[in-house]
Amino acid sequence: MSGETIAVRVVAAEAITPTIKRLRMVARDGARLPPYSAGSHTVLTMASGERVIRNAYSLLGSTLAGGAYEVAVLRAPRSRGGSAFVHDHVGEGHELTLSVPINLFPLNRRARHHVLVAGGIGITPIGAMADELAKVNASFELHYAVRNEARGAFCGDLAGRYGERVRLYVSERQERLHVHDILMRQPLGTHLYVCGPEGMIGNVLADARALGWPETSLHAERFLAAAGGAPFALRLAKSGVATTVGEDQTLLEAIEAAGIEAPFSCRGGVCGECELPVVSADGEIDHRDHYLSAEEKAAGCKIMPCVSRLRGRELVLDL
Amino acid sequence: MTIPFKTETFRDDFTFSNSEAAIRRFPFPFDRDAYMYAVNIEQHMPGPAKSATEFPIDIDEHYVAEMADRDLVLKADPLRCQSLPHMMTAEWDLLELLMTSMARDYPEHFSLERSGREWHWINRPLGIDQRFTFEDPATLPLSPMEYITRQCQGDFCLLDQRDDNLWMDAGIVTTQADWSLDFDLGMNFIEWHGPVPLAHEIGVFERALKFLLNLQQGRPVRRLNWTMTINPRLDTSPENYHRWGIDRTTVTPDNVGDKVHLRVELQALWRLPRSNAIVFSIRCYLIKMRELVTQPKWARRLHRVLRDLPGELADYKGLTNYRETTVAWLSKYDDGAPTSPGFHPD
Ligand code: HEM
């Protein structure tokens, strides 16, 4: 594991909607967990039989200053095992390992006003932001789009806590979130934060850009749930290891399963920590990360193994 | 172990000196006989017992005198301590980091009791006993950053992280090697490093910044930087250049041993938990040439480093006036014997 880890025990596990499970965790040794800033995530390590699963989840709430950590896990329809494992096997008393919190989706503390936009489970970091902004009396508004109220996690909580500052959009009631209209009426110095499905993030950012918003005022949590793909052969040149990357395994997981230690942090294609040099690729590299530049991707000399893979026969890495 | 704090000055009569123990623990910055800029960043792991890196925050025999000097600087120039409004959370993070480290590592001098948000801090060397409420600025006599850094050796900068850059948005800087917080406040990593020669060209700052943006909680890092100072003066600021600049012309072959000081900065960086800011500490150590040459390896090595230093670096560091005189003086302590690798004296 790269970075500091914390051994935790689940002290509460609750289905807050039919597809979302909330876990509350404390340190096994009773020590206080470090506080964190809104937008932080942690990487959960779970042992499923022989297999080690690692998934990144946003931390709920913020600055609990020594309290417990909470995450909300959506059962992904095409789960490679992580979210299904949490839903089917993780309950009170279960022991897990966490990375220390890392923030790749921080608030801009100099903003005059904050517009928070969440879709579905994207509410997890966005809700934490609302928490923190309310605590320091900063100006914000929260727009939350859900399919129906029963499935929208925390709808009631949020409305209760932030009242007027929260708007809910329930698509089953034909309520549409018109980001364009919201952005139109914002004062200069406003920052926008969005987390939700890829398509939604794309639309929101496109609206903002069309209205001339500067890039530095736009923030998106672009966590990718690493998806699988066709299997391929993997050779690690320095360690002399040959293995296969399975259909529902990531490249990084295959490297770890072969007993080779590799650096990582977000496991979602954004932080850049796991970058590895490519020796050769018999096939086409399927770059799925948000870290490498377009030129770097085209050059094919580097790969982010937490999300990217090969469409082809064999990949050789300098590891 | 109780540290015997010295009574000494860093101005006027300059009574500062190092004890033998302080000389042995001096963080000598050269691990070979030559020097060039590099991304010299390493994990801030505990070093050997009694060394300057044994604990994350190093308190030594100069503590009380340095804090008195800081007070004089701030009285004359309050702009040495500044903080933009959005840095308040980072200030509390810093206060927590310093109080918990100092109380844990120097329990005979400092103690901290915490009961929820109610904290009780005792600083015995400075005679301070303070109860306050964490995150309630009204319960402290000063802002959290100024309050705690007036009780901790080293300058501190608080860096806000945004737009894939670090911004110097708060700090207390009273023991600096010729740069100004008032000037740099609000600048970003690349901007405030603007004056440094050569390093930009070899990509040092680009790589260092990329690394720091990913700095993790609980994994602090450190690096050493160095320059030289005439007389043991802590406050070599641009603001006071008229007071100390002239000192550089006063070095003669007879006074090198006492006047010329190697000035080493042990710089450490921590990711702060609540604010996601980074704190950069600049802990300054001074050693006289006369003290330094008591370690034969250091004497040989400094002679060679200084003799062969690229001219741009010597100019930037302000050594040009007295470099030759100092190299000549040090040459008496260099018999040409090989030096062992690493920082430590033989
Ligand atoms: C983020 C925290 C840092 C802060 C606040 C900081 C600040 C500064 C400042 C104010 C200067 C003086 C520039 C001047 O002449 O006005 C300086 C010099 C310099 N910094 Fe940094 N720095 C930081 C991190 C680093 C890191 C990580 C490196 C790593 C390579 C670095 C390398 C240098 C070098 C090589 C110099 C020239 C020093 C000399 O020759 O005396 N800095 N820095």
# chains A, B, ... in the order shown; residues from 1 in each chain; ligands from 1
>>> residues_around(residues="range 297-305 of chain B", least_positions_apart="5", cutoff="7 Å", atoms="only C-alpha atoms", output="list in words")
Asp33, Ala34, Tyr35, Leu292, Val327, Leu330, Ser331, Tyr333, Asp334, Thr339, Pro345 and Asp346 of chain B
>>> write_last_selection(atoms="all heavy atoms", output="CSV table (one decimal), in the first residue's frame")
chain,number,residue,atom,x,y,z
B,33,ASP,N,31.4,16.5,-1.9
B,33,ASP,CA,32.3,17.7,-2.0
B,33,ASP,C,31.9,18.7,-3.0
B,33,ASP,O,32.7,19.6,-3.4
B,33,ASP,CB,33.7,17.2,-2.3
B,33,ASP,CG,34.3,16.4,-1.1
B,33,ASP,OD1,33.7,16.4,0.0
B,33,ASP,OD2,35.4,15.9,-1.3
B,34,ALA,N,30.7,18.6,-3.5
B,34,ALA,CA,30.2,19.6,-4.5
B,34,ALA,C,28.7,19.9,-4.2
B,34,ALA,O,28.0,19.1,-3.6
B,34,ALA,CB,30.4,19.1,-5.9
B,35,TYR,N,28.2,21.1,-4.7
B,35,TYR,CA,26.8,21.4,-4.5
B,35,TYR,C,26.2,22.0,-5.8
B,35,TYR,O,26.7,22.8,-6.5
B,35,TYR,CB,26.7,22.4,-3.4
B,35,TYR,CG,25.2,22.8,-3.2
B,35,TYR,CD1,24.4,22.0,-2.5
B,35,TYR,CD2,24.7,24.0,-3.7
B,35,TYR,CE1,23.1,22.3,-2.3
B,35,TYR,CE2,23.4,24.3,-3.6
B,35,TYR,CZ,22.6,23.5,-2.8
B,35,TYR,OH,21.3,23.8,-2.7
B,292,LEU,N,32.7,25.1,13.1
B,292,LEU,CA,32.6,24.1,12.0
B,292,LEU,C,33.9,23.3,11.8
B,292,LEU,O,33.8,22.1,11.6
B,292,LEU,CB,32.2,24.8,10.7
B,292,LEU,CG,31.9,23.8,9.6
B,292,LEU,CD1,30.5,24.1,8.9
B,292,LEU,CD2,32.9,23.8,8.5
B,327,VAL,N,37.4,31.0,1.6
B,327,VAL,CA,38.0,29.8,1.0
B,327,VAL,C,39.5,29.7,1.4
B,327,VAL,O,39.9,28.6,1.8
B,327,VAL,CB,37.8,29.8,-0.5
B,327,VAL,CG1,38.7,28.7,-1.2
B,327,VAL,CG2,36.4,29.6,-0.9
B,330,LEU,N,39.6,28.5,5.0
B,330,LEU,CA,39.2,27.1,5.1
B,330,LEU,C,40.3,26.2,4.6
B,330,LEU,O,40.5,25.0,5.0
B,330,LEU,CB,37.9,26.8,4.4
B,330,LEU,CG,36.6,27.3,5.2
B,330,LEU,CD1,35.4,27.2,4.2
B,330,LEU,CD2,36.4,26.4,6.4
B,331,SER,N,41.1,26.7,3.6
B,331,SER,CA,42.1,25.8,2.9
B,331,SER,C,43.1,25.3,3.9
B,331,SER,O,43.7,24.2,3.7
B,331,SER,CB,42.8,26.6,1.8
B,331,SER,OG,43.6,27.6,2.3
B,333,TYR,N,42.5,24.0,6.6
B,333,TYR,CA,41.9,22.8,7.2
B,333,TYR,C,41.7,21.7,6.2
B,333,TYR,O,41.0,20.7,6.6
B,333,TYR,CB,40.6,23.2,8.0
B,333,TYR,CG,40.9,24.2,9.0
B,333,TYR,CD1,40.8,25.6,8.8
B,333,TYR,CD2,41.2,23.8,10.3
B,333,TYR,CE1,41.0,26.5,9.7
B,333,TYR,CE2,41.4,24.8,11.3
B,333,TYR,CZ,41.3,26.1,11.0
B,333,TYR,OH,41.6,27.0,12.0
B,334,ASP,N,42.1,21.9,5.0
B,334,ASP,CA,41.9,20.9,4.0
B,334,ASP,C,43.2,20.3,3.5
B,334,ASP,O,43.9,21.0,2.7
B,334,ASP,CB,41.1,21.5,2.8
B,334,ASP,CG,40.7,20.4,1.8
B,334,ASP,OD1,41.1,19.2,2.0
B,334,ASP,OD2,40.0,20.8,0.8
B,339,THR,N,37.0,12.5,1.5
B,339,THR,CA,36.0,12.6,2.6
B,339,THR,C,35.0,11.4,2.4
B,339,THR,O,34.8,11.0,1.3
B,339,THR,CB,35.2,13.9,2.5
B,339,THR,OG1,34.7,14.0,1.1
B,339,THR,CG2,36.0,15.1,2.8
B,345,PRO,N,29.7,13.8,10.6
B,345,PRO,CA,31.1,14.0,10.8
B,345,PRO,C,31.7,12.6,11.0
B,345,PRO,O,31.0,11.6,11.4
B,345,PRO,CB,31.2,14.8,12.1
B,345,PRO,CG,29.9,14.7,12.8
B,345,PRO,CD,28.9,14.4,11.7
B,346,ASP,N,33.1,12.4,10.7
B,346,ASP,CA,33.7,11.1,10.9
B,346,ASP,C,33.9,10.8,12.4
B,346,ASP,O,34.1,11.7,13.2
B,346,ASP,CB,35.0,11.1,10.2
B,346,ASP,CG,34.8,11.0,8.7
B,346,ASP,OD1,33.8,10.4,8.3
B,346,ASP,OD2,35.6,11.5,7.9
>>> residues_around(residues="range 162-179 of chain A", least_positions_apart="6", cutoff="6 Å", atoms="only C-alpha atoms", output="PDB file with N, CA, C and O atoms, in the first residue's frame")
ATOM      1  N   GLU A 141     -24.900  27.600  -2.437  1.00  0.00           N
ATOM      2  CA  GLU A 141     -26.191  27.007  -2.763  1.00  0.00           C
ATOM      3  C   GLU A 141     -25.919  25.604  -3.284  1.00  0.00           C
ATOM      4  O   GLU A 141     -24.873  25.343  -3.886  1.00  0.00           O
ATOM      5  N   LEU A 142     -26.857  24.702  -3.006  1.00  0.00           N
ATOM      6  CA  LEU A 142     -26.658  23.291  -3.350  1.00  0.00           C
ATOM      7  C   LEU A 142     -27.804  22.829  -4.237  1.00  0.00           C
ATOM      8  O   LEU A 142     -28.975  23.012  -3.893  1.00  0.00           O
ATOM      9  N   HIS A 143     -27.475  22.252  -5.377  1.00  0.00           N
ATOM     10  CA  HIS A 143     -28.470  21.715  -6.302  1.00  0.00           C
ATOM     11  C   HIS A 143     -28.245  20.218  -6.428  1.00  0.00           C
ATOM     12  O   HIS A 143     -27.156  19.787  -6.799  1.00  0.00           O
ATOM     13  N   TYR A 144     -29.296  19.440  -6.133  1.00  0.00           N
ATOM     14  CA  TYR A 144     -29.125  17.999  -6.010  1.00  0.00           C
ATOM     15  C   TYR A 144     -30.178  17.303  -6.874  1.00  0.00           C
ATOM     16  O   TYR A 144     -31.370  17.437  -6.634  1.00  0.00           O
ATOM     17  N   ALA A 145     -29.697  16.581  -7.893  1.00  0.00           N
ATOM     18  CA  ALA A 145     -30.618  15.893  -8.798  1.00  0.00           C
ATOM     19  C   ALA A 145     -30.664  14.404  -8.459  1.00  0.00           C
ATOM     20  O   ALA A 145     -29.626  13.754  -8.362  1.00  0.00           O
ATOM     21  N   VAL A 146     -31.886  13.891  -8.257  1.00  0.00           N
ATOM     22  CA  VAL A 146     -32.056  12.460  -7.954  1.00  0.00           C
ATOM     23  C   VAL A 146     -33.203  11.902  -8.794  1.00  0.00           C
ATOM     24  O   VAL A 146     -34.040  12.647  -9.291  1.00  0.00           O
ATOM     25  N   ARG A 147     -33.227  10.566  -8.913  1.00  0.00           N
ATOM     26  CA  ARG A 147     -34.309   9.959  -9.691  1.00  0.00           C
ATOM     27  C   ARG A 147     -35.619  10.068  -8.915  1.00  0.00           C
ATOM     28  O   ARG A 147     -36.611  10.552  -9.404  1.00  0.00           O
ATOM     29  N   ASN A 148     -35.628   9.605  -7.686  1.00  0.00           N
ATOM     30  CA  ASN A 148     -36.803   9.805  -6.842  1.00  0.00           C
ATOM     31  C   ASN A 148     -36.346   9.994  -5.412  1.00  0.00           C
ATOM     32  O   ASN A 148     -35.212   9.683  -5.072  1.00  0.00           O
TER      33      ASN A 148
END
>>> residues_near_ligand(ligand="ligand 1", cutoff="6 Å", atoms="only C-alpha atoms and all ligand atoms", output="PyMOL selection string")
chain B and resi 37-40+157+179+192-193+195-196+204-205+208+226-227+280+317
>>> write_last_selection(atoms="N, CA, C and O atoms", output="compact mmCIF listing (two decimals), in the first residue's frame")
# COMPACT_ATOMS: atom_id res chain seq x y z
N TYR B 37 21.83 22.71 -7.19
CA TYR B 37 20.41 22.55 -6.90
C TYR B 37 19.89 21.21 -7.41
O TYR B 37 20.32 20.73 -8.45
N ALA B 38 18.96 20.63 -6.68
CA ALA B 38 18.32 19.38 -7.08
C ALA B 38 16.99 19.30 -6.33
O ALA B 38 16.74 20.11 -5.44
N VAL B 39 16.14 18.37 -6.73
CA VAL B 39 14.90 18.18 -5.97
C VAL B 39 15.26 17.31 -4.76
O VAL B 39 14.98 16.13 -4.70
N ASN B 40 15.92 17.94 -3.81
CA ASN B 40 16.43 17.18 -2.65
C ASN B 40 15.36 17.08 -1.57
O ASN B 40 15.47 17.66 -0.51
N CYS B 157 5.46 29.21 6.74
CA CYS B 157 4.56 29.72 5.70
C CYS B 157 3.40 28.75 5.56
O CYS B 157 3.61 27.54 5.57
N TRP B 179 14.68 37.31 1.98
CA TRP B 179 13.44 37.38 1.19
C TRP B 179 12.36 37.91 2.11
O TRP B 179 12.51 37.93 3.33
N TRP B 192 7.11 33.02 -6.46
CA TRP B 192 8.03 33.42 -5.39
C TRP B 192 9.42 32.83 -5.58
O TRP B 192 10.38 33.32 -5.04
N HIS B 193 9.53 31.76 -6.39
CA HIS B 193 10.85 31.21 -6.69
C HIS B 193 11.50 31.91 -7.88
O HIS B 193 12.61 31.54 -8.29
N PRO B 195 13.29 34.61 -8.42
CA PRO B 195 14.68 35.10 -8.40
C PRO B 195 15.75 34.00 -8.40
O PRO B 195 16.92 34.32 -8.62
N VAL B 196 15.39 32.75 -8.16
CA VAL B 196 16.42 31.71 -8.01
C VAL B 196 17.03 31.39 -9.39
O VAL B 196 16.31 31.11 -10.33
N VAL B 204 13.74 21.95 -11.67
CA VAL B 204 13.62 21.64 -10.24
C VAL B 204 12.25 22.04 -9.71
O VAL B 204 11.58 21.26 -9.01
N PHE B 205 11.80 23.25 -10.04
CA PHE B 205 10.58 23.74 -9.41
C PHE B 205 9.33 23.05 -9.94
O PHE B 205 8.39 22.78 -9.21
N ALA B 208 9.28 19.69 -8.21
CA ALA B 208 9.03 19.82 -6.78
C ALA B 208 7.55 20.17 -6.54
O ALA B 208 6.90 19.61 -5.65
N TRP B 226 20.87 26.07 2.16
CA TRP B 226 21.95 26.72 2.90
C TRP B 226 22.35 28.03 2.26
O TRP B 226 22.12 28.26 1.07
N THR B 227 22.95 28.89 3.07
CA THR B 227 23.62 30.08 2.59
C THR B 227 24.65 30.45 3.64
O THR B 227 24.99 29.61 4.49
N PHE B 280 4.96 25.02 5.56
CA PHE B 280 6.38 24.96 5.20
C PHE B 280 7.14 25.59 6.36
O PHE B 280 6.94 26.76 6.66
N LYS B 317 23.37 33.88 -3.55
CA LYS B 317 23.43 33.72 -2.10
C LYS B 317 24.16 34.86 -1.41
O LYS B 317 24.21 34.91 -0.18
>>> closest_residue(among="B:Gly171, B:Gly47, B:Pro27, B:Gly116", to="Leu79 in chain B", atoms="only C-alpha atoms")
B:Gly171
>>> closest_residue(among="A:Ser217, A:Thr124, A:Asn55, A:Thr243", to="chain B", atoms="only C-alpha atoms")
A:Ser217
>>> residues_around(residues="Ser280 in chain A", least_positions_apart="2", cutoff="7 Å", atoms="only C-alpha atoms", output="ChimeraX atom specification")
/A:278,282,315-316
>>> decode(residues="range 8-22 of chain B", atoms="N, CA, C and O atoms", output="CSV table (one decimal), in the first residue's frame")
chain,number,residue,atom,x,y,z
B,8,GLU,N,21.6,34.7,25.1
B,8,GLU,CA,22.5,35.1,24.0
B,8,GLU,C,21.8,36.1,23.1
B,8,GLU,O,20.6,36.2,23.1
B,9,THR,N,22.5,36.7,22.2
B,9,THR,CA,21.9,37.7,21.2
B,9,THR,C,22.2,37.4,19.8
B,9,THR,O,23.3,36.8,19.5
B,10,PHE,N,21.4,37.8,18.9
B,10,PHE,CA,21.6,37.6,17.5
B,10,PHE,C,21.7,39.0,16.8
B,10,PHE,O,21.4,39.1,15.6
B,11,ARG,N,22.0,40.0,17.5
B,11,ARG,CA,22.1,41.4,17.0
B,11,ARG,C,23.0,42.2,18.0
B,11,ARG,O,23.4,41.6,19.0
B,12,ASP,N,23.4,43.4,17.6
B,12,ASP,CA,24.2,44.3,18.5
B,12,ASP,C,25.5,43.6,18.9
B,12,ASP,O,26.4,43.6,18.1
B,13,ASP,N,25.6,43.0,20.1
B,13,ASP,CA,26.8,42.4,20.6
B,13,ASP,C,27.0,41.0,20.1
B,13,ASP,O,28.1,40.4,20.4
B,14,PHE,N,26.0,40.4,19.5
B,14,PHE,CA,26.1,39.1,18.9
B,14,PHE,C,26.8,38.0,19.8
B,14,PHE,O,27.9,37.5,19.5
B,15,THR,N,26.2,37.7,20.9
B,15,THR,CA,26.8,36.8,21.8
B,15,THR,C,26.5,35.3,21.5
B,15,THR,O,27.0,34.4,22.2
B,16,PHE,N,25.8,35.1,20.4
B,16,PHE,CA,25.4,33.7,20.0
B,16,PHE,C,26.6,32.8,19.8
B,16,PHE,O,27.6,33.3,19.2
B,17,SER,N,26.6,31.6,20.3
B,17,SER,CA,27.5,30.6,20.0
B,17,SER,C,26.9,29.2,20.2
B,17,SER,O,25.9,29.1,20.8
B,18,ASN,N,27.5,28.2,19.6
B,18,ASN,CA,27.0,26.8,19.8
B,18,ASN,C,27.8,26.1,20.9
B,18,ASN,O,29.1,26.2,20.9
B,19,SER,N,27.2,25.3,21.7
B,19,SER,CA,27.9,24.4,22.6
B,19,SER,C,28.5,23.3,21.8
B,19,SER,O,28.1,23.1,20.6
B,20,GLU,N,29.3,22.5,22.4
B,20,GLU,CA,29.9,21.3,21.7
B,20,GLU,C,28.8,20.4,21.2
B,20,GLU,O,28.9,19.8,20.1
B,21,ALA,N,27.8,20.2,22.1
B,21,ALA,CA,26.7,19.3,21.7
B,21,ALA,C,26.0,19.9,20.5
B,21,ALA,O,25.6,19.1,19.6
B,22,ALA,N,25.8,21.2,20.5
B,22,ALA,CA,25.0,21.8,19.4
B,22,ALA,C,25.8,21.7,18.1
B,22,ALA,O,25.3,21.5,17.0
